[in-house]
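Source file: work.cif; contents: mmCIF, C-alpha atoms and all ligand atoms.
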```cif
data_data
loop_
_atom_site.label_atom_id
_atom_site.label_comp_id
_atom_site.auth_asym_id
_atom_site.auth_seq_id
_atom_site.Cartn_x
_atom_site.Cartn_y
_atom_site.Cartn_z
CA MET A 207 4.36 25.83 -2.64
CA THR A 208 1.95 28.52 -3.92
CA ARG A 209 2.93 32.14 -3.29
CA CYS A 210 3.33 33.46 0.24
CA ASP A 211 3.18 36.89 1.83
CA ILE A 212 4.33 37.15 5.44
CA ALA A 213 5.77 39.96 7.57
CA ASP A 214 9.20 38.55 8.37
CA PRO A 215 10.59 35.01 7.91
CA ARG A 216 13.11 35.70 10.71
CA LEU A 217 10.25 35.39 13.24
CA ALA A 218 9.91 31.66 12.46
CA GLY A 219 11.90 30.45 15.51
CA LYS A 220 9.57 32.17 17.97
CA GLY A 221 6.52 31.08 15.99
CA LYS A 222 7.60 27.43 16.03
CA LEU A 223 7.85 27.45 19.82
CA ARG A 224 4.39 29.01 20.09
CA ILE A 225 2.90 26.42 17.74
CA GLU A 226 4.45 23.70 19.89
CA TRP A 227 3.12 25.31 23.09
CA ALA A 228 -0.43 25.50 21.71
CA GLY A 229 -0.18 21.96 20.30
CA ALA A 230 0.55 20.59 23.77
CA GLN A 231 -2.90 21.83 24.84
CA MET A 232 -4.71 20.42 21.83
CA PRO A 233 -4.79 16.67 22.53
CA VAL A 234 -7.90 15.95 20.47
CA VAL A 235 -6.44 17.60 17.36
CA GLU A 236 -3.23 15.68 18.06
CA MET A 237 -5.10 12.34 18.15
CA ILE A 238 -6.85 13.20 14.89
CA SER A 239 -3.54 14.26 13.36
CA LYS A 240 -1.94 10.92 14.28
CA ARG A 241 -4.79 8.99 12.66
CA PHE A 242 -4.69 11.29 9.60
CA THR A 243 -0.95 10.60 9.24
CA LYS A 244 -1.69 6.87 8.92
CA GLU A 245 -4.92 6.97 6.93
CA LYS A 246 -4.42 10.05 4.69
CA PRO A 247 -8.18 10.71 4.39
CA LEU A 248 -7.61 14.10 2.69
CA LYS A 249 -5.08 12.86 0.12
CA GLY A 250 -5.04 15.08 -2.96
CA LEU A 251 -7.56 17.54 -1.54
CA ARG A 252 -6.70 21.22 -2.09
CA VAL A 253 -7.85 23.23 0.93
CA SER A 254 -8.01 27.04 1.11
CA ALA A 255 -8.40 28.21 4.69
CA CYS A 256 -9.36 31.76 5.66
CA LEU A 257 -8.95 31.68 9.45
CA HIS A 258 -7.29 33.73 12.17
CA VAL A 259 -3.60 32.96 11.71
CA THR A 260 -2.75 31.87 15.24
CA SER A 261 -0.73 29.13 16.91
CA GLU A 262 -3.94 27.10 17.34
CA THR A 263 -4.83 27.44 13.67
CA ALA A 264 -1.29 26.35 12.82
CA ASN A 265 -1.96 23.05 14.60
CA LEU A 266 -5.13 22.57 12.56
CA MET A 267 -3.20 23.27 9.35
CA LEU A 268 -0.61 20.66 10.34
CA ALA A 269 -3.35 18.09 11.00
CA LEU A 270 -4.88 18.72 7.57
CA LYS A 271 -1.47 18.43 5.96
CA ALA A 272 -0.85 15.18 7.87
CA GLY A 273 -4.11 13.93 6.35
CA GLY A 274 -2.73 14.51 2.86
CA ALA A 275 -4.34 17.88 2.08
CA ASP A 276 -2.56 20.59 0.09
CA VAL A 277 -3.30 23.59 2.31
CA VAL A 278 -3.00 27.35 1.90
CA LEU A 279 -3.86 29.79 4.70
CA VAL A 280 -4.91 33.45 4.66
CA ALA A 281 -6.18 35.73 7.43
CA SER A 282 -9.87 36.11 8.29
CA ASN A 283 -9.21 39.46 9.98
CA PRO A 284 -6.57 42.11 9.20
CA LEU A 285 -5.45 42.45 12.84
CA SER A 286 -5.50 38.87 14.15
CA THR A 287 -2.44 37.44 12.40
CA GLN A 288 0.43 36.26 14.59
CA ASP A 289 3.35 37.10 12.29
CA ASP A 290 5.74 34.69 13.99
CA VAL A 291 3.31 31.81 13.53
CA ALA A 292 2.82 32.71 9.86
CA ALA A 293 6.61 32.74 9.40
CA SER A 294 7.04 29.34 11.02
CA LEU A 295 4.24 27.74 9.01
CA VAL A 296 6.02 28.82 5.83
CA LYS A 297 9.62 28.19 6.87
CA ASP A 298 9.40 25.17 9.14
CA PHE A 299 6.34 23.38 7.83
CA GLY A 300 6.15 24.29 4.13
CA ILE A 301 2.60 25.63 4.35
CA SER A 302 1.74 28.56 2.10
CA VAL A 303 0.52 31.56 4.14
CA SER A 304 -0.49 35.01 2.93
CA ALA A 305 -1.24 37.11 6.01
CA VAL A 306 0.39 40.11 7.66
CA LYS A 307 -0.82 41.67 10.92
CA GLY A 308 -2.19 45.15 10.16
CA GLU A 309 -2.69 44.51 6.43
CA ASN A 310 -4.99 47.02 4.73
CA ARG A 311 -8.25 46.16 3.04
CA LYS A 312 -6.66 45.80 -0.40
CA LYS A 313 -4.01 43.43 0.85
CA TYR A 314 -6.60 41.49 2.86
CA TYR A 315 -8.58 40.83 -0.33
CA ASP A 316 -5.43 40.21 -2.44
CA HIS A 317 -4.69 37.41 0.02
CA ILE A 318 -8.22 36.02 -0.23
CA TYR A 319 -7.91 35.93 -4.02
CA ALA A 320 -4.48 34.29 -3.68
CA ALA A 321 -6.22 31.55 -1.65
CA LEU A 322 -8.78 31.13 -4.44
CA ASP A 323 -6.01 30.91 -7.05
CA HIS A 324 -5.13 27.66 -5.25
CA LYS A 325 -8.30 26.25 -6.89
CA PRO A 326 -9.59 24.71 -3.67
CA HIS A 327 -11.74 21.60 -3.46
CA LEU A 328 -12.58 22.59 0.10
CA THR A 329 -12.99 26.04 1.65
CA MET A 330 -12.51 26.61 5.37
CA ASP A 331 -13.83 30.00 6.47
CA ASP A 332 -14.15 32.06 9.64
CA GLY A 333 -16.72 34.75 8.83
CA ALA A 334 -17.47 33.65 5.23
CA ASP A 335 -15.28 36.19 3.42
CA LEU A 336 -13.77 33.46 1.23
CA VAL A 337 -17.14 31.97 0.33
CA SER A 338 -18.59 35.43 -0.25
CA ALA A 339 -15.74 36.23 -2.72
CA ILE A 340 -16.47 32.96 -4.56
CA HIS A 341 -20.17 33.80 -4.81
CA LYS A 342 -19.37 37.22 -6.30
CA ASP A 343 -17.53 35.55 -9.23
CA PRO A 344 -18.58 31.89 -9.27
CA LYS A 345 -17.47 31.22 -12.86
CA LYS A 346 -13.93 32.22 -12.03
CA TYR A 347 -13.59 30.79 -8.54
CA GLY A 348 -16.33 28.21 -8.00
CA ARG A 349 -15.41 25.48 -10.47
CA HIS A 350 -13.34 23.07 -8.40
CA ILE A 351 -15.11 23.43 -5.09
CA LEU A 352 -16.77 20.37 -3.59
CA ALA A 353 -17.68 21.68 -0.14
CA GLY A 354 -16.76 24.01 2.68
CA THR A 355 -16.75 24.49 6.43
CA GLU A 356 -17.54 27.61 8.47
CA GLU A 357 -16.19 28.40 11.93
CA THR A 358 -18.25 31.24 13.35
CA THR A 359 -21.79 32.50 14.09
CA THR A 360 -21.48 35.51 11.76
CA GLY A 361 -20.29 33.30 8.90
CA VAL A 362 -23.15 30.84 9.41
CA ILE A 363 -25.66 33.74 9.32
CA ARG A 364 -24.21 34.85 5.94
CA LEU A 365 -24.35 31.29 4.60
CA ARG A 366 -27.95 30.80 5.70
CA SER A 367 -28.80 34.02 3.86
CA LEU A 368 -27.22 32.59 0.66
CA GLU A 369 -29.07 29.31 1.25
CA ALA A 370 -32.42 31.09 1.81
CA GLN A 371 -31.98 32.99 -1.47
CA GLY A 372 -31.23 29.69 -3.27
CA LYS A 373 -27.75 30.97 -4.17
CA LEU A 374 -25.47 28.69 -2.15
CA LEU A 375 -23.15 26.98 -4.63
CA PHE A 376 -21.91 24.02 -2.57
CA PRO A 377 -22.59 22.25 0.74
CA ILE A 378 -21.05 23.83 3.82
CA VAL A 379 -20.74 22.42 7.32
CA ALA A 380 -21.59 24.93 10.06
CA VAL A 381 -18.84 23.99 12.51
CA ASN A 382 -20.03 26.81 14.78
CA ASP A 383 -23.31 25.02 15.41
CA ALA A 384 -21.69 21.87 16.83
CA ASP A 385 -22.33 21.64 20.58
CA THR A 386 -18.64 21.00 21.21
CA LYS A 387 -17.93 24.30 19.42
CA HIS A 388 -20.32 27.04 20.47
CA PHE A 389 -21.03 25.88 24.05
CA PHE A 390 -17.31 26.08 24.78
CA ASP A 391 -15.41 28.26 22.28
CA ASN A 392 -18.07 30.99 22.11
CA ARG A 393 -18.76 31.00 25.84
CA TYR A 394 -15.53 30.16 27.66
CA GLY A 395 -13.15 31.09 24.83
CA THR A 396 -14.67 34.47 24.02
CA GLY A 397 -15.37 35.12 27.70
CA GLN A 398 -11.76 34.73 28.78
CA SER A 399 -9.95 36.04 25.68
CA THR A 400 -12.10 39.19 25.44
CA LEU A 401 -11.27 40.22 28.98
CA ASP A 402 -7.65 39.24 28.32
CA GLY A 403 -7.66 41.67 25.36
CA VAL A 404 -9.25 44.49 27.39
CA ILE A 405 -6.83 43.97 30.27
CA ARG A 406 -3.69 43.68 28.11
CA ALA A 407 -4.66 46.85 26.21
CA THR A 408 -5.56 48.96 29.24
CA ASN A 409 -4.26 47.26 32.42
CA ILE A 410 -7.46 48.36 34.23
CA LEU A 411 -8.82 46.68 37.34
CA LEU A 412 -12.18 45.09 36.63
CA ALA A 413 -13.19 44.65 40.28
CA GLY A 414 -15.72 47.35 41.09
CA THR A 415 -15.87 48.57 37.47
CA SER A 416 -19.20 48.86 35.61
CA VAL A 417 -18.98 46.74 32.47
CA VAL A 418 -21.73 46.90 29.85
CA VAL A 419 -21.96 43.73 27.73
CA CYS A 420 -23.98 44.31 24.57
CA GLY A 421 -25.51 41.02 23.43
CA TYR A 422 -26.31 37.91 25.46
CA GLY A 423 -25.70 35.13 22.95
CA TRP A 424 -23.15 32.44 23.81
CA CYS A 425 -20.27 34.93 23.51
CA GLY A 426 -22.03 37.63 25.55
CA ARG A 427 -22.84 35.13 28.30
CA GLY A 428 -19.19 34.19 28.47
CA VAL A 429 -18.00 37.78 28.65
CA ALA A 430 -20.62 38.72 31.27
CA ALA A 431 -19.85 35.68 33.45
CA LYS A 432 -16.07 36.18 33.36
CA ALA A 433 -16.39 39.94 34.02
CA ARG A 434 -18.58 39.18 37.05
CA GLY A 435 -16.01 36.60 38.15
CA LEU A 436 -13.42 39.37 38.25
CA GLY A 437 -15.66 41.54 40.41
CA ALA A 438 -17.17 43.85 37.79
CA ASN A 439 -20.72 45.19 38.06
CA VAL A 440 -22.14 43.82 34.84
CA ILE A 441 -24.98 45.36 32.85
CA VAL A 442 -26.39 43.51 29.83
CA THR A 443 -28.16 45.06 26.84
CA GLU A 444 -30.22 42.87 24.50
CA VAL A 445 -32.88 43.05 21.78
CA ASP A 446 -34.13 39.45 22.14
CA PRO A 447 -36.64 39.12 25.02
CA LEU A 448 -35.69 35.50 25.69
CA LYS A 449 -32.00 36.25 25.98
CA ALA A 450 -32.74 39.35 28.05
CA LEU A 451 -34.83 37.21 30.41
CA GLU A 452 -32.00 34.71 30.74
CA ALA A 453 -29.60 37.54 31.56
CA VAL A 454 -32.01 38.80 34.26
CA MET A 455 -32.33 35.33 35.79
CA ASP A 456 -28.57 34.87 35.61
CA GLY A 457 -28.49 37.84 37.95
CA PHE A 458 -27.40 40.66 35.64
CA GLN A 459 -28.91 44.12 35.35
CA VAL A 460 -30.60 44.43 31.96
CA MET A 461 -31.49 47.80 30.45
CA PRO A 462 -31.56 49.61 27.11
CA MET A 463 -28.33 51.10 25.79
CA GLU A 464 -29.72 54.59 26.32
CA GLU A 465 -29.86 53.89 30.06
CA ALA A 466 -26.67 51.80 30.22
CA VAL A 467 -24.56 54.70 28.90
CA LYS A 468 -25.21 56.56 32.15
CA HIS A 469 -23.50 53.80 34.16
CA GLY A 470 -20.86 52.05 32.08
CA GLN A 471 -17.12 52.50 32.41
CA VAL A 472 -16.25 49.68 29.98
CA TYR A 473 -18.39 48.63 27.00
CA ILE A 474 -17.98 45.37 25.11
CA THR A 475 -20.09 44.58 22.03
CA VAL A 476 -20.69 40.92 21.10
CA THR A 477 -23.91 41.07 19.10
CA GLY A 478 -22.90 40.25 15.51
CA ASN A 479 -24.90 43.31 14.44
CA THR A 480 -24.02 46.73 13.13
CA HIS A 481 -23.77 50.13 14.91
CA VAL A 482 -24.74 48.85 18.33
CA ILE A 483 -22.91 51.77 19.95
CA ARG A 484 -23.62 54.94 17.98
CA ARG A 485 -23.19 58.70 18.09
CA GLU A 486 -26.09 59.24 20.53
CA HIS A 487 -24.45 56.76 22.93
CA PHE A 488 -20.89 58.08 22.65
CA VAL A 489 -21.96 61.64 23.50
CA ARG A 490 -23.66 60.48 26.71
CA MET A 491 -20.85 58.28 28.02
CA ARG A 492 -18.90 59.32 31.09
CA ASP A 493 -15.37 60.67 30.81
CA ARG A 494 -12.70 58.00 30.13
CA ALA A 495 -15.16 55.33 29.02
CA ILE A 496 -13.47 52.33 27.36
CA VAL A 497 -15.16 50.80 24.32
CA ALA A 498 -14.27 47.48 22.69
CA ASN A 499 -15.77 44.99 20.27
CA SER A 500 -15.52 41.21 20.36
CA GLY A 501 -18.01 40.48 17.56
CA HIS A 502 -16.64 39.12 14.29
CA PHE A 503 -16.71 42.30 12.17
CA ASP A 504 -15.65 45.84 13.03
CA VAL A 505 -19.17 47.20 12.48
CA GLU A 506 -20.56 47.09 16.01
CA LEU A 507 -19.06 50.44 17.06
CA ASP A 508 -19.89 53.38 14.80
CA ILE A 509 -16.34 54.70 14.82
CA GLU A 510 -16.87 56.86 11.73
CA SER A 511 -19.43 58.94 13.67
CA LEU A 512 -17.13 59.09 16.65
CA LYS A 513 -14.32 60.38 14.41
CA ARG A 514 -16.64 63.03 12.97
CA ILE A 515 -17.65 64.42 16.35
CA ALA A 516 -14.24 64.16 18.04
CA LYS A 517 -12.17 67.32 18.22
CA LYS A 518 -8.97 65.40 18.88
CA VAL A 519 -7.81 61.82 18.29
CA ARG A 520 -4.54 60.31 19.44
CA GLY A 521 -3.01 56.92 20.14
CA VAL A 522 -2.22 56.63 23.84
CA ARG A 523 -1.11 52.98 24.21
CA ASP A 524 -0.78 49.97 21.91
CA CYS A 525 -4.31 49.20 20.72
CA VAL A 526 -5.83 52.24 22.51
CA GLU A 527 -7.03 55.40 20.75
CA GLU A 528 -8.32 58.41 22.66
CA PHE A 529 -11.19 60.43 21.18
CA THR A 530 -11.81 63.79 22.86
CA LEU A 531 -15.36 65.08 22.38
CA PRO A 532 -16.37 68.77 22.27
CA SER A 533 -17.62 68.34 25.87
CA GLY A 534 -14.04 67.53 26.90
CA ARG A 535 -15.00 63.93 27.74
CA ARG A 536 -12.65 61.24 26.46
CA ILE A 537 -13.54 57.89 24.97
CA TYR A 538 -10.98 55.11 24.53
CA VAL A 539 -11.52 52.73 21.61
CA LEU A 540 -9.60 49.46 21.73
CA ALA A 541 -8.08 47.76 18.66
CA SER A 542 -9.86 50.10 16.22
CA GLY A 543 -13.12 48.32 17.02
CA ARG A 544 -11.84 45.01 15.64
CA LEU A 545 -12.01 41.73 17.57
CA VAL A 546 -10.33 42.80 20.81
CA ASN A 547 -9.48 39.26 21.87
CA LEU A 548 -7.43 38.53 18.76
CA SER A 549 -6.09 42.04 18.14
CA ALA A 550 -4.98 42.96 21.66
CA ALA A 551 -4.46 39.41 22.99
CA GLU A 552 -3.93 35.96 21.47
CA GLY A 553 -7.51 34.82 20.87
CA HIS A 554 -9.08 31.86 22.63
CA PRO A 555 -6.75 29.55 24.53
CA ALA A 556 -5.60 26.37 22.76
CA MET A 557 -7.44 24.20 25.28
CA VAL A 558 -10.80 25.33 23.90
CA MET A 559 -9.72 25.76 20.25
CA ASP A 560 -8.85 22.05 20.46
CA MET A 561 -12.57 21.20 20.24
CA SER A 562 -13.38 23.82 17.59
CA PHE A 563 -10.56 22.64 15.36
CA ALA A 564 -11.25 18.95 15.99
CA ASN A 565 -14.69 19.78 14.54
CA GLN A 566 -13.01 21.46 11.56
CA ALA A 567 -10.67 18.54 10.88
CA LEU A 568 -13.36 15.87 11.22
CA SER A 569 -15.86 17.93 9.20
CA ALA A 570 -13.27 18.26 6.43
CA GLU A 571 -12.91 14.49 6.42
CA TRP A 572 -16.71 14.02 6.50
CA VAL A 573 -17.44 16.38 3.58
CA SER A 574 -14.61 14.94 1.54
CA ASP A 575 -16.23 11.48 1.99
CA HIS A 576 -19.85 12.60 1.53
CA HIS A 577 -19.89 15.63 -0.78
CA GLY A 578 -21.31 13.53 -3.65
CA SER A 579 -24.52 12.90 -1.74
CA LEU A 580 -24.91 16.35 -0.19
CA GLU A 581 -27.11 19.20 -1.44
CA LYS A 582 -26.19 22.88 -1.72
CA LYS A 583 -27.16 23.48 1.89
CA VAL A 584 -25.76 24.40 5.27
CA TYR A 585 -25.21 21.19 7.27
CA ARG A 586 -24.74 20.51 10.96
CA VAL A 587 -21.66 18.65 12.10
CA PRO A 588 -22.94 15.04 12.35
CA LEU A 589 -23.98 14.27 15.92
CA GLU A 590 -21.66 11.23 16.15
CA ILE A 591 -18.67 13.49 15.42
CA ASP A 592 -19.83 16.09 17.95
CA ARG A 593 -20.28 13.46 20.69
CA GLU A 594 -17.00 11.73 19.85
CA ILE A 595 -15.15 15.04 20.28
CA ALA A 596 -16.76 15.47 23.72
CA ARG A 597 -15.70 11.93 24.67
CA LEU A 598 -12.12 12.45 23.46
CA LYS A 599 -11.87 15.80 25.24
CA LEU A 600 -13.08 14.31 28.52
CA ARG A 601 -10.63 11.43 28.15
CA SER A 602 -7.76 13.86 27.53
CA MET A 603 -8.75 15.66 30.75
CA ASP A 604 -8.77 12.34 32.67
CA VAL A 605 -12.47 12.70 33.39
CA ALA A 606 -14.52 9.51 33.39
CA VAL A 607 -18.31 9.42 33.18
CA ASP A 608 -20.96 6.80 33.91
CA SER A 609 -22.84 4.78 31.34
CA LEU A 610 -26.46 3.65 31.39
CA THR A 611 -27.30 0.26 32.92
CA PRO A 612 -29.34 -2.10 30.71
CA GLU A 613 -32.30 -1.42 33.02
CA GLN A 614 -31.92 2.34 32.44
CA VAL A 615 -31.73 1.86 28.68
CA ARG A 616 -34.99 -0.13 28.81
CA TYR A 617 -36.62 2.48 31.05
CA LEU A 618 -35.76 5.33 28.67
CA SER A 619 -37.19 3.51 25.69
CA ALA A 620 -40.44 2.49 27.41
CA TRP A 621 -43.68 4.48 27.66
CA GLU A 622 -45.56 2.15 30.01
CA THR A 623 -43.95 2.99 33.34
CA GLY A 624 -45.44 6.07 35.00
CA THR A 625 -46.74 7.02 38.47
N1 LIG B 1 -10.87 32.46 17.15
C1 LIG B 1 -10.84 32.86 18.42
N2 LIG B 1 -9.67 32.53 18.99
C2 LIG B 1 -8.92 31.90 18.06
C3 LIG B 1 -7.63 31.32 18.05
N3 LIG B 1 -6.87 31.32 19.13
N4 LIG B 1 -7.22 30.78 16.92
C4 LIG B 1 -8.00 30.79 15.82
N5 LIG B 1 -9.22 31.30 15.76
C5 LIG B 1 -9.70 31.86 16.88
#
```

As structure tokens, how would this structure be written, given the file I've shared?
Amino acid sequence: MTRCDIADPRLAGKGKLRIEWAGAQMPVVEMISKRFTKEKPLKGLRVSACLHVTSETANLMLALKAGGADVVLVASNPLSTQDDVAASLVKDFGISVSAVKGENRKKYYDHIYAALDHKPHLTMDDGADLVSAIHKDPKKYGRHILAGTEETTTGVIRLRSLEAQGKLLFPIVAVNDADTKHFFDNRYGTGQSTLDGVIRATNILLAGTSVVVCGYGWCGRGVAAKARGLGANVIVTEVDPLKALEAVMDGFQVMPMEEAVKHGQVYITVTGNTHVIRREHFVRMRDRAIVANSGHFDVELDIESLKRIAKKVRGVRDCVEEFTLPSGRRIYVLASGRLVNLSAAEGHPAMVMDMSFANQALSAEWVSDHHGSLEKKVYRVPLEIDREIARLKLRSMDVAVDSLTPEQVRYLSAWETGT
């Protein structure tokens, strides 16, 4: 096994039980894992994965290993690692993990470079930090790589920027863009786990509370819908007129941030952009406002500005810091502005990660079969794989659907029949 760096191997027992618990809600990954065990489609493939180290990710790692891959795992966020899961992966399953919850920036990157020392044929990223490190020193780290996969919207945006500049060094499958990923993981997964993080950190009642959701992409829609479901008064802020219009027609109040700060009690950013909540917003918020981020990077809240203007800062609960402004008003920042769902809670439930990670496993198999004929581009998950995952998921939920009659097939392929 390559080198490992974990918090405490004694946590393995608890981690193993959690991996088992998550696995029981990941039937599609389990089916793929069983087939991989027989067919070994990834035999001899070195895989370096930079993902949130959670019990769901552990089940993906086990599926890849069952397929014959030689896998190492590092964290894609300094606060999302579940130390007990990391310990179990190393101790019980012989998978090399370098990830410690709360690791500093230096350690985070030491771990990324440890993953690259594995000389991967395949990269598996969540946010493109691994791929970005490779592109900063391609001679040193790029030589063995055949292809990659990317889990999240932010990562795909970074990859498309490399592709547009003609700098992408190998083909990468945008797992995020599969329908069975973003329609479900981004919407229902982020929706539920974000509120789970806010609630676990603060124990506030959402019913009757004004919640401002910044961003109405798939994740923002999920957060807004779940907050409304719990009785919150939800305000949406957006920059894209189309998304803003959708939010209006979905029944939310839409207004600029400048206006929203007069009303909000809880703020949740999910835009994928930087400094969405800034100094001019913080100073106008009401006393005891709660601010959290569920976008991939910790750039959405301008915490540096908040620190500069605060006259006092103190930790008041796990994952909650209180900033007192010169006006005497207090602002509570959750999880240091990092992904609140993975830092203050456990990330998306296994039931939805099942589809995301089925896409990862089948995309890994697909690129390992097809990399020779692929260009240095960002690829979609093939539609057949996407649809097959939907079929398998429905079957695992005991949901049957209809199929077209021959007459309906003919009708759909004909142009003659009209009024
Ligand atoms: N991203 C969001 N939730 C996750 C989870 N539970 N495991 C891995 N990655 C995630």

Expected residue set, 12 Å radius at (0.8, 51.1, 19.5), only C-alpha atoms, as a list in words
Gly308, Ala407, Thr408, Arg520, Gly521, Val522, Arg523, Asp524, Cys525, Val526, Glu527, Leu540, Ala541, Ser542, Ser549 and Ala550 of chain A

Students should find that atom CA of Phe458 of chain A and atom CA of Thr360 of chain A are spaced 25.1 Å

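Using all atoms listed in the file for every distance, the candidate list A:Glu245, A:Gly435, A:Ala606, A:Ala430 yields A:Ala430 as the residue closest to Val454 of chain A.
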
Using all atoms listed in the file, which protein or nucleic acid residues are at most 6 Å from ligand LIG 1 (chain B), as a list in words? His258, Thr260, Glu262, Thr263, Glu552, Gly553, His554 and Pro555 of chain A

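In terms of minimum interatomic distance to Phe390 of chain A, A:Ser562 ranks closest within A:Ser562, A:Gln288, A:Asn479, A:Thr625, counting all atoms listed in the file.
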
Residues within 9 Å of segment 320-332 of chain A, only C-alpha atoms, excluding chain neighbours under 5 positions, as an mmCIF file with C-alpha atoms, in the frame of the given file:
```cif
data_model
loop_
_atom_site.group_PDB
_atom_site.id
_atom_site.type_symbol
_atom_site.label_atom_id
_atom_site.label_comp_id
_atom_site.auth_asym_id
_atom_site.auth_seq_id
_atom_site.Cartn_x
_atom_site.Cartn_y
_atom_site.Cartn_z
ATOM 1 C CA THR A 208 1.950 28.520 -3.920
ATOM 2 C CA ARG A 209 2.930 32.140 -3.290
ATOM 3 C CA CYS A 210 3.330 33.460 0.240
ATOM 4 C CA LEU A 251 -7.560 17.540 -1.540
ATOM 5 C CA ARG A 252 -6.700 21.220 -2.090
ATOM 6 C CA VAL A 253 -7.850 23.230 0.930
ATOM 7 C CA SER A 254 -8.010 27.040 1.110
ATOM 8 C CA ALA A 255 -8.400 28.210 4.690
ATOM 9 C CA CYS A 256 -9.360 31.760 5.660
ATOM 10 C CA LEU A 257 -8.950 31.680 9.450
ATOM 11 C CA HIS A 258 -7.290 33.730 12.170
ATOM 12 C CA ASP A 276 -2.560 20.590 0.090
ATOM 13 C CA VAL A 277 -3.300 23.590 2.310
ATOM 14 C CA VAL A 278 -3.000 27.350 1.900
ATOM 15 C CA LEU A 279 -3.860 29.790 4.700
ATOM 16 C CA VAL A 280 -4.910 33.450 4.660
ATOM 17 C CA SER A 282 -9.870 36.110 8.290
ATOM 18 C CA ASN A 283 -9.210 39.460 9.980
ATOM 19 C CA VAL A 303 0.520 31.560 4.140
ATOM 20 C CA SER A 304 -0.490 35.010 2.930
ATOM 21 C CA TYR A 315 -8.580 40.830 -0.330
ATOM 22 C CA VAL A 337 -17.140 31.970 0.330
ATOM 23 C CA ALA A 339 -15.740 36.230 -2.720
ATOM 24 C CA ILE A 340 -16.470 32.960 -4.560
ATOM 25 C CA TYR A 347 -13.590 30.790 -8.540
ATOM 26 C CA GLY A 348 -16.330 28.210 -8.000
ATOM 27 C CA ARG A 349 -15.410 25.480 -10.470
ATOM 28 C CA HIS A 350 -13.340 23.070 -8.400
ATOM 29 C CA ILE A 351 -15.110 23.430 -5.090
ATOM 30 C CA LEU A 352 -16.770 20.370 -3.590
ATOM 31 C CA ALA A 353 -17.680 21.680 -0.140
ATOM 32 C CA GLY A 354 -16.760 24.010 2.680
ATOM 33 C CA THR A 355 -16.750 24.490 6.430
ATOM 34 C CA GLU A 356 -17.540 27.610 8.470
ATOM 35 C CA GLU A 357 -16.190 28.400 11.930
ATOM 36 C CA THR A 358 -18.250 31.240 13.350
ATOM 37 C CA THR A 359 -21.790 32.500 14.090
ATOM 38 C CA THR A 360 -21.480 35.510 11.760
ATOM 39 C CA GLY A 361 -20.290 33.300 8.900
ATOM 40 C CA ILE A 378 -21.050 23.830 3.820
ATOM 41 C CA HIS A 502 -16.640 39.120 14.290
ATOM 42 C CA GLN A 566 -13.010 21.460 11.560
ATOM 43 C CA ALA A 570 -13.270 18.260 6.430
ATOM 44 C CA VAL A 573 -17.440 16.380 3.580
ATOM 45 C CA SER A 574 -14.610 14.940 1.540
#
```

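With all atoms listed in the file as the atoms that count, the minimum distance from Leu248 of chain A to the choices A:Ile537, A:Ala272, A:Ala413, A:Ala551 is reached by A:Ala272.
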
Q: Take atom CA of Ile318 of chain A and atom CA of Ala305 of chain A and report the distance between them in Å, one decimal.
A: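 Here the two named atoms are 9.4 Å from each other.
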
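Of the residues under consideration (A:Ala275, A:Met603, A:Val476, A:Ala218), A:Val476 shows the shortest atom-to-atom contact distance to Leu507 of chain A when counting all atoms listed in the file.
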
Atom CA of Lys432 of chain A sits from atom CA of Gly395 of chain A at a separation of 10.4 Å

**Request:** Write out as an MDAnalysis selection string each polymer residue whose atoms come within 9 Å of Lys583 of chain A, counting all atoms listed in the file; drop sequence neighbours fewer than 3 positions from it.
**Result:** chainID A and resid 365:366 369 374:379 580

* To do: Go through A:Ile212, A:Val605, A:Asp289, A:Asn382 one by one, measure the shortest atom-to-atom distance of each to Ala564 of chain A using only C-alpha atoms, and give the residue with the smallest value.
  =>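 Of A:Ile212, A:Val605, A:Asp289, A:Asn382, the one nearest Ala564 of chain A is A:Asn382, counting only C-alpha atoms.
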
For this session: For Arg494 of chain A, please output as a PyMOL selection string all residues within 9 Å (counting only C-alpha atoms; exclusion window: fewer than 4 positions along the same chain).
Result: chain A and resi 471+528+535-538

Produce the centre coordinates and the three edge lengths, each in Å to one decimal, of the box along x, y and z that contains all listed atoms of segment 311-324 of chain A with 5 Å added on each side, as JSON.
```
{"center_x": -6.4, "center_y": 36.9, "center_z": -2.0, "size_x": 14.8, "size_y": 28.5, "size_z": 20.1}
```

- Task: Counting all atoms listed in the file, note down every residue that has an atom within 12 Å of the point (-4.3, 11.3, 15.8) (file coordinates), as a VMD selection string.
- Result: chain A and resid 232 to 246 266 268 to 270 272 to 273 564 567 to 568 598

* Contact residues around Arg364 of chain A with all atoms listed in the file at 10 Å, ignoring same-chain residues under 6 positions, as a PyMOL selection string -> chain A and resi 333-335+337-338+370

* To do: Using all atoms listed in the file, pick whichever of A:Asp508, A:Glu464, A:Asp575, A:Asp298 has the shortest atom-to-atom distance to Arg544 of chain A.
  =>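 Nearest candidate to Arg544 of chain A out of A:Asp508, A:Glu464, A:Asp575, A:Asp298: A:Asp508.
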